[in-house]
Amino acid sequence: MPRRSYDQYCAVARALDAVGDRWTLLIVRELLGGSRRYTDLHADLPGVSTDMLASRLKDMERDDLVTRRRLAPPGAAYVYELTARGRTLLPALTALADWGAPALDERRPTDAVRAHWFAVPLLTRLARHFAEGDVEVVDIALDEGEFHVLLGGDGPGYADGPAERPDIRLRMDATTCADIAYDRLSLAQGIESGRIAVTAPESPGDGQRRKRMTTA
């Protein structure tokens with residue numbers, strides 16, 4: 001089935017031809033955290049039907065945003081992952097998150113939440129806070145789940161679950177994480193007030209890291 005187009009010679013219109021459909025950018029948000037199986041995507045996109053998700057993924061493959069590959073045995077399942085073109089949408093999602101932040105006040109009873117949904121806006125805040133330090137991998141632990149943020153190497157980026165070797169681990173509730181992610185609270189203020197607990201295993205550099213975190 002041919003892709004619908006705005007048929008406008010405009011970069012914004014061309015971008016929306018590819019990512020303007022419902023669910024597309026939220027699929028990008030999920031895949032920015034790494035490869036995902038179809039069932040995992042469906043579980044973390046509450047409200048999307050199986051038919052809609054399958055259709056969007058096919059559209060995204062066609063538009064070179066997503067690729068599908070088969071895992072080696074014993075997994076033998078297919079996973080979806082972003083192409084290089086798809087990964088370049090991170091700044092666009094960060095800008096959208098910042099733009100939408102004022103509407104994210106109190107959580108509604110009908111609102112679903114996943115811990116890693118805070119990762120995209122959090123990347124910018126943590127990169128800014130640790131710009132002068134030696135922290136490159138940060139574990140974020142919420143009651144809703146855990147993810148880790150990558151600030152060094154090929155970053156910024158994030159992935160689900162705890163990192164194998166985090167430089168620091170931060171535990172907080174979802175409200176505090178939202179306040180940090182949307183610049184309503186600094187990391188130092190969160191630690192000083194007790195809303196954020198630094199729980200990384202002790203190592204020779206941890207004392208200095210904590211000092212820098214609470215004075216930045």
# chains A, B, ... in the order shown; residues from 1 in each chain; ligands from 1

$ residues_around --residues "A:Gly100" --least-positions-apart "6" --cutoff "12 Å" --atoms "only C-alpha atoms" --output "PDB file with C-alpha atoms, in the first residue's frame"
ATOM      1  CA  LEU A  93      11.961  13.527  20.504  1.00  0.00           C
ATOM      2  CA  THR A  94      13.929  15.489  23.116  1.00  0.00           C
ATOM      3  CA  PRO A 121      14.417  14.088  28.410  1.00  0.00           C
ATOM      4  CA  ALA A 181      13.743  15.335  33.504  1.00  0.00           C
ATOM      5  CA  TYR A 182      11.737  18.505  32.944  1.00  0.00           C
TER       6      TYR A 182
END

$ residues_around --residues "A:Ala119" --least-positions-apart "2" --cutoff "12 Å" --atoms "only C-alpha atoms" --output "PyMOL selection string"
chain A and resi 29-33+90+93-94+97+114-117+121-127+138-142+145-151+156-161+174+177-178+180-182

$ closest_atom_pairs --of "stretch 76-174 of chain A" --to "stretch 36-42 of chain A" --cutoff "8 Å" --atoms "only C-alpha atoms" --output "tab-separated table"
residue	atom	partner	partner_atom	distance
A:Ala77	CA	A:Arg37	CA	7.5
A:Tyr78	CA	A:Arg37	CA	6.2
A:Val79	CA	A:Arg37	CA	4.4
A:Tyr80	CA	A:Arg36	CA	5.4
A:Glu81	CA	A:Arg36	CA	6.6

$ closest_atom_pairs --of "stretch 29-136 of chain A" --to "stretch 167-172 of chain A" --cutoff "9 Å" --atoms "only C-alpha atoms" --output "tab-separated table"
residue	atom	partner	partner_atom	distance
A:Asp134	CA	A:Asp167	CA	8.3
A:Val135	CA	A:Asp167	CA	5.6
A:Glu136	CA	A:Asp167	CA	6.6

$ residues_around --residues "A:Thr176" --least-positions-apart "5" --cutoff "9 Å" --atoms "only C-alpha atoms" --output "PyMOL selection string"
chain A and resi 181+185+190+195-196

$ write_last_selection --atoms "C-alpha atoms" --output "CSV table (one decimal), in the first residue's frame"
chain,number,residue,atom,x,y,z
A,181,ALA,CA,13.7,15.3,33.5
A,185,LEU,CA,14.5,20.2,40.1
A,190,GLY,CA,17.2,16.1,44.7
A,195,ARG,CA,14.4,12.7,47.2
A,196,ILE,CA,17.2,10.9,45.4

$ select_by_dssp --residues "stretch 26-200 of chain A" --states "alpha helix (DSSP H)" --output "PDB file with C-alpha atoms, in the first residue's frame"
ATOM      1  CA  LEU A  26       6.365   6.378  20.355  1.00  0.00           C
ATOM      2  CA  ILE A  27       7.771   3.289  18.640  1.00  0.00           C
ATOM      3  CA  VAL A  28      10.934   5.303  18.001  1.00  0.00           C
ATOM      4  CA  ARG A  29      10.994   6.209  21.710  1.00  0.00           C
ATOM      5  CA  GLU A  30      10.894   2.515  22.614  1.00  0.00           C
ATOM      6  CA  LEU A  31      13.574   1.498  20.123  1.00  0.00           C
ATOM      7  CA  TYR A  38       7.288  -7.360  18.942  1.00  0.00           C
ATOM      8  CA  THR A  39       5.726  -8.615  22.183  1.00  0.00           C
ATOM      9  CA  ASP A  40       7.912  -6.247  24.232  1.00  0.00           C
ATOM     10  CA  LEU A  41       6.927  -3.310  22.062  1.00  0.00           C
ATOM     11  CA  HIS A  42       3.264  -4.174  22.411  1.00  0.00           C
ATOM     12  CA  ALA A  43       3.587  -4.452  26.203  1.00  0.00           C
ATOM     13  CA  THR A  50      -1.685  -5.605  17.385  1.00  0.00           C
ATOM     14  CA  ASP A  51      -2.816  -4.763  13.857  1.00  0.00           C
ATOM     15  CA  MET A  52      -1.841  -1.114  14.232  1.00  0.00           C
ATOM     16  CA  LEU A  53       1.578  -1.939  15.669  1.00  0.00           C
ATOM     17  CA  ALA A  54       2.300  -4.419  12.883  1.00  0.00           C
ATOM     18  CA  SER A  55       1.222  -1.874  10.261  1.00  0.00           C
ATOM     19  CA  ARG A  56       3.355   0.909  11.730  1.00  0.00           C
ATOM     20  CA  LEU A  57       6.421  -1.320  11.928  1.00  0.00           C
ATOM     21  CA  LYS A  58       6.004  -2.275   8.258  1.00  0.00           C
ATOM     22  CA  ASP A  59       5.707   1.420   7.343  1.00  0.00           C
ATOM     23  CA  MET A  60       8.817   2.231   9.369  1.00  0.00           C
ATOM     24  CA  GLU A  61      10.779  -0.566   7.696  1.00  0.00           C
ATOM     25  CA  ARG A  62       9.751   0.769   4.306  1.00  0.00           C
ATOM     26  CA  ALA A  84      21.012   5.022  11.623  1.00  0.00           C
ATOM     27  CA  ARG A  85      18.344   7.289  10.154  1.00  0.00           C
ATOM     28  CA  GLY A  86      15.889   6.321  12.872  1.00  0.00           C
ATOM     29  CA  ARG A  87      18.405   7.046  15.641  1.00  0.00           C
ATOM     30  CA  LEU A  90      16.567  11.504  19.258  1.00  0.00           C
ATOM     31  CA  PRO A  91      16.949  15.331  19.187  1.00  0.00           C
ATOM     32  CA  ALA A  92      13.445  15.659  17.730  1.00  0.00           C
ATOM     33  CA  LEU A  93      11.961  13.527  20.504  1.00  0.00           C
ATOM     34  CA  THR A  94      13.929  15.489  23.116  1.00  0.00           C
ATOM     35  CA  ALA A  95      12.499  18.746  21.745  1.00  0.00           C
ATOM     36  CA  LEU A  96       8.979  17.289  21.731  1.00  0.00           C
ATOM     37  CA  ALA A  97       9.401  16.116  25.332  1.00  0.00           C
ATOM     38  CA  ASP A  98      10.499  19.603  26.400  1.00  0.00           C
ATOM     39  CA  TRP A  99       7.588  21.162  24.530  1.00  0.00           C
ATOM     40  CA  GLY A 100       5.102  18.771  26.128  1.00  0.00           C
ATOM     41  CA  ALA A 119      14.984   8.488  29.639  1.00  0.00           C
ATOM     42  CA  VAL A 120      14.819  10.744  26.575  1.00  0.00           C
ATOM     43  CA  PRO A 121      14.417  14.088  28.410  1.00  0.00           C
ATOM     44  CA  LEU A 122      16.681  12.871  31.229  1.00  0.00           C
ATOM     45  CA  LEU A 123      19.609  12.375  28.854  1.00  0.00           C
ATOM     46  CA  THR A 124      20.081  16.106  28.347  1.00  0.00           C
ATOM     47  CA  ARG A 125      19.865  16.916  32.072  1.00  0.00           C
ATOM     48  CA  LEU A 126      22.324  14.244  33.158  1.00  0.00           C
ATOM     49  CA  ALA A 127      24.745  15.069  30.342  1.00  0.00           C
ATOM     50  CA  ARG A 128      24.698  18.689  31.474  1.00  0.00           C
ATOM     51  CA  HIS A 129      25.192  17.772  35.141  1.00  0.00           C
ATOM     52  CA  ALA A 174       8.517   8.740  39.340  1.00  0.00           C
ATOM     53  CA  THR A 175       7.506  12.252  40.436  1.00  0.00           C
ATOM     54  CA  THR A 176      11.096  13.161  41.278  1.00  0.00           C
ATOM     55  CA  CYS A 177      12.326  11.663  38.019  1.00  0.00           C
ATOM     56  CA  ALA A 178       9.823  13.787  36.102  1.00  0.00           C
ATOM     57  CA  ASP A 179      10.920  16.890  38.023  1.00  0.00           C
ATOM     58  CA  ILE A 180      14.559  16.217  37.104  1.00  0.00           C
ATOM     59  CA  ALA A 181      13.743  15.335  33.504  1.00  0.00           C
ATOM     60  CA  LEU A 187      20.029  16.634  40.542  1.00  0.00           C
ATOM     61  CA  ALA A 188      21.955  18.281  43.375  1.00  0.00           C
ATOM     62  CA  GLN A 189      18.736  19.582  44.948  1.00  0.00           C
ATOM     63  CA  GLY A 190      17.160  16.146  44.695  1.00  0.00           C
ATOM     64  CA  ILE A 191      20.080  14.511  46.476  1.00  0.00           C
ATOM     65  CA  GLU A 192      20.326  17.182  49.177  1.00  0.00           C
TER      66      GLU A 192
END
